[in-house]
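Okay, query.txt is below, compact mmCIF, C-alpha atoms:
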# COMPACT_ATOMS: atom_id res chain seq x y z
CA MET C 1 49.59 17.67 40.78
CA ALA C 2 46.58 19.53 42.18
CA VAL C 3 47.59 23.00 43.40
CA THR C 4 44.69 24.87 44.95
CA ILE C 5 44.09 28.59 44.56
CA LYS C 6 42.63 30.05 47.72
CA THR C 7 39.58 32.30 47.84
CA ALA C 8 39.62 35.68 49.58
CA HIS C 9 37.78 34.13 52.54
CA GLU C 10 40.22 31.22 52.81
CA ILE C 11 43.14 33.63 52.66
CA GLU C 12 41.67 35.70 55.47
CA LEU C 13 41.36 32.59 57.64
CA MET C 14 44.94 31.58 56.81
CA ARG C 15 46.12 35.09 57.64
CA GLU C 16 44.59 34.72 61.11
CA ALA C 17 45.99 31.19 61.47
CA GLY C 18 49.44 32.57 60.68
CA ARG C 19 49.09 35.49 63.07
CA LEU C 20 48.10 33.20 65.92
CA LEU C 21 50.95 30.81 65.14
CA GLU C 22 53.42 33.67 65.36
CA LEU C 23 52.07 34.48 68.84
CA VAL C 24 52.62 30.84 69.83
CA HIS C 25 56.22 31.01 68.58
CA GLU C 26 56.77 34.19 70.58
CA GLU C 27 55.63 32.43 73.76
CA LEU C 28 57.94 29.50 73.09
CA ALA C 29 60.88 31.77 72.31
CA ALA C 30 60.40 33.50 75.67
CA ALA C 31 60.39 30.11 77.44
CA ILE C 32 63.56 28.71 75.88
CA ARG C 33 66.39 28.61 78.42
CA PRO C 34 68.99 26.20 79.79
CA GLY C 35 67.33 23.56 81.98
CA ILE C 36 63.93 23.42 80.32
CA SER C 37 62.86 20.17 78.69
CA THR C 38 61.50 19.84 75.18
CA TRP C 39 58.42 18.22 76.79
CA GLU C 40 57.81 21.41 78.79
CA LEU C 41 58.11 23.52 75.64
CA ASN C 42 55.60 21.29 73.88
CA LYS C 43 53.20 21.70 76.82
CA ILE C 44 53.55 25.51 76.77
CA GLY C 45 52.87 25.55 73.05
CA GLU C 46 49.86 23.22 73.32
CA GLN C 47 48.31 25.43 75.99
CA ALA C 48 48.82 28.52 73.84
CA ILE C 49 47.22 26.92 70.78
CA ARG C 50 44.17 25.87 72.81
CA ARG C 51 43.95 29.31 74.43
CA TYR C 52 43.65 30.85 70.97
CA GLY C 53 40.80 28.48 70.14
CA CYS C 54 42.83 26.49 67.62
CA THR C 55 43.97 22.91 67.09
CA ALA C 56 47.56 21.67 66.80
CA ASN C 57 47.84 20.20 63.31
CA PHE C 58 50.99 18.17 64.07
CA LEU C 59 49.45 16.10 66.89
CA ASN C 60 48.73 12.57 65.62
CA TYR C 61 49.55 13.63 62.04
CA ASN C 62 50.61 10.34 60.46
CA GLY C 63 51.07 9.14 64.02
CA PHE C 64 53.35 11.93 65.28
CA PRO C 65 52.96 11.87 69.08
CA ALA C 66 53.29 15.58 69.94
CA SER C 67 52.01 19.01 68.94
CA PHE C 68 55.47 20.41 68.17
CA CYS C 69 58.58 19.12 66.47
CA ILE C 70 61.46 20.22 68.71
CA SER C 71 64.88 19.37 67.30
CA VAL C 72 68.18 20.04 69.08
CA ASN C 73 71.64 20.61 67.56
CA GLU C 74 72.25 17.86 64.95
CA GLU C 75 68.52 17.06 64.79
CA VAL C 76 67.17 18.61 61.59
CA VAL C 77 63.40 18.13 62.01
CA HIS C 78 60.70 16.01 63.66
CA GLY C 79 62.34 15.80 67.07
CA ILE C 80 59.86 14.26 69.53
CA PRO C 81 59.54 16.18 72.82
CA HIS C 82 60.63 14.21 75.92
CA LYS C 83 60.77 15.00 79.63
CA GLY C 84 64.36 13.80 79.66
CA LYS C 85 65.48 15.96 76.73
CA ILE C 86 66.90 18.99 78.53
CA LEU C 87 68.22 22.09 76.77
CA HIS C 88 71.73 23.21 77.72
CA GLU C 89 73.69 26.41 77.38
CA GLY C 90 75.04 26.68 73.85
CA ASP C 91 72.46 24.38 72.21
CA ILE C 92 70.42 25.45 69.23
CA VAL C 93 66.83 24.27 69.05
CA SER C 94 64.51 24.22 66.06
CA VAL C 95 60.79 24.51 66.80
CA ASP C 96 58.43 23.52 63.99
CA ALA C 97 54.76 24.17 64.67
CA GLY C 98 51.40 24.53 63.02
CA LEU C 99 47.79 25.11 63.91
CA ILE C 100 44.31 24.95 62.42
CA TYR C 101 42.02 27.97 62.60
CA LYS C 102 38.47 27.44 61.32
CA GLY C 103 39.60 24.67 59.01
CA MET C 104 42.68 26.38 57.55
CA HIS C 105 46.29 25.52 58.38
CA SER C 106 49.43 27.48 59.15
CA ASP C 107 52.99 26.17 59.48
CA ALA C 108 56.19 27.89 60.61
CA ALA C 109 59.59 26.96 62.07
CA ARG C 110 62.27 28.91 63.90
CA THR C 111 65.71 28.00 65.25
CA TYR C 112 66.71 29.57 68.56
CA GLY C 113 69.93 29.74 70.53
CA VAL C 114 69.87 28.51 74.12
CA GLY C 115 71.73 31.01 76.26
CA GLN C 116 75.12 31.96 74.84
CA ILE C 117 75.87 30.16 71.57
CA THR C 118 78.97 30.07 69.40
CA PRO C 119 79.49 32.52 66.53
CA GLU C 120 79.48 29.53 64.18
CA ALA C 121 76.04 28.43 65.38
CA GLN C 122 74.70 31.98 65.10
CA LYS C 123 76.01 32.28 61.55
CA LEU C 124 74.28 29.03 60.55
CA MET C 125 71.00 30.30 61.99
CA ASP C 126 71.38 33.68 60.27
CA VAL C 127 72.20 32.18 56.87
CA THR C 128 69.31 29.74 57.11
CA LYS C 129 66.87 32.55 57.84
CA GLU C 130 68.31 34.76 55.11
CA SER C 131 68.10 31.90 52.59
CA PHE C 132 64.33 31.91 53.12
CA PHE C 133 64.14 35.61 52.21
CA ARG C 134 66.43 35.10 49.22
CA GLY C 135 64.03 32.42 48.03
CA ILE C 136 60.80 34.34 48.44
CA ALA C 137 62.21 37.23 46.41
CA PHE C 138 61.09 35.01 43.50
CA ALA C 139 57.72 34.10 45.05
CA ARG C 140 55.78 36.30 42.66
CA GLU C 141 52.98 35.71 40.24
CA GLY C 142 54.45 34.73 36.88
CA HIS C 143 57.71 33.39 38.27
CA ARG C 144 58.52 29.67 38.40
CA LEU C 145 58.49 27.59 41.57
CA HIS C 146 62.04 26.34 41.23
CA GLU C 147 63.40 29.87 41.08
CA ILE C 148 62.64 29.88 44.81
CA SER C 149 64.47 26.57 45.22
CA ALA C 150 67.56 27.75 43.36
CA ALA C 151 67.83 31.02 45.29
CA ILE C 152 67.63 29.23 48.66
CA GLY C 153 70.16 26.57 47.79
CA ASP C 154 72.62 28.81 45.99
CA TYR C 155 72.74 31.24 48.90
CA ALA C 156 73.23 28.60 51.61
CA GLU C 157 75.78 26.65 49.60
CA SER C 158 77.81 29.81 48.97
CA PHE C 159 78.76 29.60 52.67
CA GLY C 160 79.84 25.97 52.36
CA TYR C 161 76.72 24.72 54.12
CA GLY C 162 74.75 21.61 53.26
CA VAL C 163 71.18 21.87 51.95
CA VAL C 164 69.06 18.88 52.97
CA ARG C 165 67.75 17.03 49.92
CA ASP C 166 65.49 14.48 51.61
CA LEU C 167 62.99 17.00 53.01
CA VAL C 168 61.22 19.82 51.19
CA GLY C 169 58.63 22.57 51.59
CA HIS C 170 55.04 22.19 50.46
CA GLY C 171 51.71 23.73 49.63
CA ILE C 172 49.35 24.35 52.54
CA GLY C 173 45.72 25.34 53.12
CA HIS C 174 42.85 22.99 53.90
CA ALA C 175 45.54 20.37 54.64
CA LEU C 176 48.92 20.71 56.31
CA HIS C 177 50.66 19.26 53.25
CA GLU C 178 49.32 20.05 49.80
CA ASP C 179 50.87 20.21 46.33
CA PRO C 180 53.37 21.37 45.24
CA GLN C 181 56.54 20.05 46.85
CA ILE C 182 59.16 22.81 47.13
CA PRO C 183 62.83 21.73 47.18
CA ASN C 184 65.41 24.00 48.80
CA PHE C 185 68.07 23.43 46.15
CA ARG C 186 68.55 24.06 42.44
CA GLN C 187 66.47 21.87 40.09
CA ARG C 188 66.89 20.86 36.46
CA THR C 189 63.36 22.00 35.66
CA ARG C 190 61.80 25.44 36.10
CA GLY C 191 58.79 24.15 38.00
CA ILE C 192 55.19 25.29 37.80
CA ARG C 193 54.27 28.90 37.17
CA LEU C 194 53.25 30.75 40.33
CA VAL C 195 49.72 32.13 40.43
CA ARG C 196 48.09 34.64 42.73
CA GLY C 197 46.23 32.86 45.54
CA MET C 198 48.70 30.00 45.98
CA THR C 199 49.74 29.40 49.59
CA LEU C 200 53.10 27.78 50.25
CA ALA C 201 55.21 26.70 53.21
CA ILE C 202 58.81 27.56 52.34
CA GLU C 203 61.27 25.93 54.76
CA PRO C 204 65.05 25.85 54.27
CA MET C 205 66.76 23.11 56.31
CA ILE C 206 70.48 23.85 56.32
CA THR C 207 73.42 22.00 57.89
CA ALA C 208 76.86 23.16 58.95
CA GLY C 209 78.38 20.11 57.23
CA ARG C 210 77.25 17.67 54.58
CA PRO C 211 73.58 17.60 53.48
CA ASP C 212 73.15 13.87 54.19
CA VAL C 213 70.62 12.90 56.86
CA GLU C 214 69.33 9.75 58.54
CA TRP C 215 66.30 8.76 60.58
CA LEU C 216 66.60 7.60 64.19
CA ASP C 217 64.95 4.44 65.47
CA ASP C 218 61.81 6.36 66.48
CA ASP C 219 61.15 6.69 62.70
CA TRP C 220 60.60 10.43 63.10
CA THR C 221 63.70 12.29 64.22
CA VAL C 222 65.92 13.30 61.29
CA VAL C 223 69.57 13.99 62.14
CA THR C 224 72.64 15.02 60.17
CA GLU C 225 74.67 11.99 59.21
CA ASP C 226 77.93 13.73 60.14
CA GLN C 227 76.47 15.08 63.43
CA SER C 228 76.91 18.69 62.30
CA LEU C 229 74.52 21.37 63.52
CA ALA C 230 71.31 21.99 61.58
CA ALA C 231 68.96 24.98 61.41
CA HIS C 232 65.40 25.34 60.11
CA TYR C 233 63.41 28.42 59.16
CA GLU C 234 59.88 28.33 57.70
CA ASN C 235 56.91 30.55 57.01
CA THR C 236 53.55 30.18 55.31
CA ILE C 237 53.37 32.63 52.41
CA LEU C 238 50.76 33.87 49.95
CA ILE C 239 51.48 34.53 46.27
CA THR C 240 50.02 37.92 45.29
CA ASP C 241 50.26 40.16 42.22
CA GLY C 242 53.29 41.82 43.86
CA GLU C 243 55.43 41.08 46.88
CA PRO C 244 54.57 37.77 48.59
CA GLU C 245 52.72 38.10 51.88
CA ILE C 246 54.24 36.21 54.80
CA LEU C 247 51.18 34.95 56.64
CA SER C 248 53.06 33.64 59.69
CA LEU C 249 55.25 36.70 60.24
CA THR C 250 53.38 39.92 60.94
CA LYS C 251 56.24 42.18 62.07

Show how you would write the structure in this file as structure tokens.
Amino acid sequence: MAVTIKTAHEIELMREAGRLLELVHEELAAAIRPGISTWELNKIGEQAIRRYGCTANFLNYNGFPASFCISVNEEVVHGIPHKGKILHEGDIVSVDAGLIYKGMHSDAARTYGVGQITPEAQKLMDVTKESFFRGIAFAREGHRLHEISAAIGDYAESFGYGVVRDLVGHGIGHALHEDPQIPNFRQRTRGIRLVRGMTLAIEPMITAGRPDVEWLDDDWTVVTEDQSLAAHYENTILITDGEPEILSLTK
């Protein structure tokens, strides 16, 4: 495992990459409504990334055909945008996005409700988001990586939700995916010790039912095996000598 410690200059670039990515997410959130296609959302996001002078790091990554992963309802991650994939009242949609600013990457995901959603869907979204914050309470220099994992998983599972095992968070920086891998559930080991200057993408993927997932025939889209709803929340964070800094969330 080769975990990189970022320099002050690299961190400053990642801070700007995260700030710009948050602006992109804000534009997409404002565009989400019943009747819009996931293809249109991808186009809006692509235009925003280019307008900020950045590059979409998902496009053509290992062959992925779009700049955004847009996943609806039972789709957990890696949903491919299509003109025929229309959002409807009551859907929930997870938007996973990243960009490159002057050679440094950012990565963040949000799940949004489309119009009026059920209380059950809102609760899943809220718990998923809160599980991220429960996890990063342990994202401090001197703590162990899997303390983050345990806090995320324990919180989500306390509501009877499933925590996806097949997909995990990751390091990030010069590449979209770097060491270490970061599970969202309790591990037998403590994991590596966290050091100031590490940059991590923490991303709980939580289901309303069982944690089991499967891949569709496009070899990208991951769905819940039991067709239950799924939510996704992710930010790029920096390990400091105190509270972690969320690089992709500036408010």

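Shortest atom-to-atom contact with Ala30 of chain C among C:His143, C:Ser67, C:Gly45, C:Ser248: C:Gly45, counting all atoms listed in the file.
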
Q. Of the candidates C:Pro204, C:Gly79, C:Gly90, C:Gly142, which shows the shortest atom-to-atom distance to Tyr155 of chain C, using only C-alpha atoms?
A. C:Pro204

**Q.** Distance criterion (only C-alpha atoms): nearest to Met198 of chain C out of C:Gly153, C:Gly162, C:Ile86, C:Glu141
**A.**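 Of C:Gly153, C:Gly162, C:Ile86, C:Glu141, the one nearest Met198 of chain C is C:Glu141, counting only C-alpha atoms.
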
**Q.** Close residues, Glu214 of chain C itself excluded, 12 Å, only C-alpha atoms, min 4 positions apart in chain, as a list of chain:residue names
**A.**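 Non-adjacent residues within range: C:Glu74, C:Glu75, C:Val76, C:Val77, C:His78, C:Val164, C:Arg165, C:Asp166, C:Leu167, C:Arg210, C:Asp218, C:Asp219, C:Trp220, C:Thr221, C:Val222, C:Val223, C:Thr224, C:Glu225, C:Asp226, C:Gln227.
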
Q: Using all atoms listed in the file, determine which residues lie at most 9 Å from Ala97 of chain C, disregarding the query and same-chain residues fewer than 4 positions distant; provide the list as an MDAnalysis selection string.
A: chainID C and resid 21 24:25 45 56:58 67:70 106:110

Q: Would you list the residues near (52.9, 28.8, 44.2), meaning any protein, DNA or RNA residue with an atom at most 8 Å from that point in file coordinates, counting only C-alpha atoms, as an NGL selection string?
A: :C and (3 or 139 or 141 or 145 or 171 or 180 or 192-200 or 238-239)

Q: Tell me which protein, DNA and RNA residues are within 9 Å of Lys102 of chain C, counting all atoms listed in the file, leaving out same-chain ones fewer than 6 positions away, and put them as a list of chain:residue names.
A: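 The neighbour list is C:Leu13, C:Met14, C:Ala17, C:Cys54.
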
With C-alpha atoms kept, could you save the residues just selected as a PDB file, keeping the file's coordinate frame?
ATOM      1  CA  LEU C  13      41.360  32.590  57.640  1.00  0.00           C
ATOM      2  CA  MET C  14      44.940  31.580  56.810  1.00  0.00           C
ATOM      3  CA  ALA C  17      45.990  31.190  61.470  1.00  0.00           C
ATOM      4  CA  CYS C  54      42.830  26.490  67.620  1.00  0.00           C
TER       5      CYS C  54
END

Q: May I ask which of the residues C:Gln116, C:Ser228, C:Thr55, C:Gln181 is the closest one to Met1 of chain C, counting all atoms listed in the file?
A: C:Gln181

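Non-sequential neighbours of Gly115 of chain C (distance at most 8 Å, separation of 5 or more positions within a chain, all atoms listed in the file) are Arg33, Pro34, His88, Glu89, Gly90 and Asp91 of chain C.
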
Give me the residues near Arg140 of chain C as a compact mmCIF listing (two decimals) with C-alpha atoms, in the frame of the given file, where near means some atom within 7 Å (using all atoms listed in the file) and where sequence neighbours in that chain fewer than 4 positions away do not count.
# COMPACT_ATOMS: atom_id res chain seq x y z
CA LEU C 194 53.25 30.75 40.33
CA ILE C 239 51.48 34.53 46.27
CA THR C 240 50.02 37.92 45.29
CA ASP C 241 50.26 40.16 42.22
CA GLY C 242 53.29 41.82 43.86
CA GLU C 243 55.43 41.08 46.88
CA PRO C 244 54.57 37.77 48.59

Q: Give me, please, the distance in Å between atom CA of Ile36 of chain C and atom CA of Ala201 of chain C, quoted to one decimal.
A: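 Interatomic distance, atom CA of Ile36 of chain C to atom CA of Ala201 of chain C: 28.7 Å.
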
Q. Which of these residues is nearest to Gly191 of chain C, using all atoms listed in the file: C:Arg144, C:Ser149, C:Ala156, C:Pro81?
A.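 Under the stated criterion, the closest residue is C:Arg144.
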
Q) Quick one, how far is atom CA of Lys83 of chain C from atom CA of Pro65 of chain C? A)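 Value for the atom CA of Lys83 of chain C-atom CA of Pro65 of chain C distance: 13.5 Å.
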
(Q) Can you measure atom CA of Ala2 of chain C to atom CA of Gly169 of chain C for me? One decimal in Å is fine. (A) 15.6 Å

Padding 6 Å on every side, please: axis-aligned box over the listed atoms of segment 161-164 of chain C, centre and edge lengths to one decimal in Å, as JSON.
{"center_x": 72.9, "center_y": 21.8, "center_z": 53.0, "size_x": 19.7, "size_y": 17.8, "size_z": 14.2}

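Using only C-alpha atoms, the smallest distance between any of C:Leu247, C:Ile182, C:Val213, C:Leu23 and Tyr52 of chain C comes from C:Leu23.
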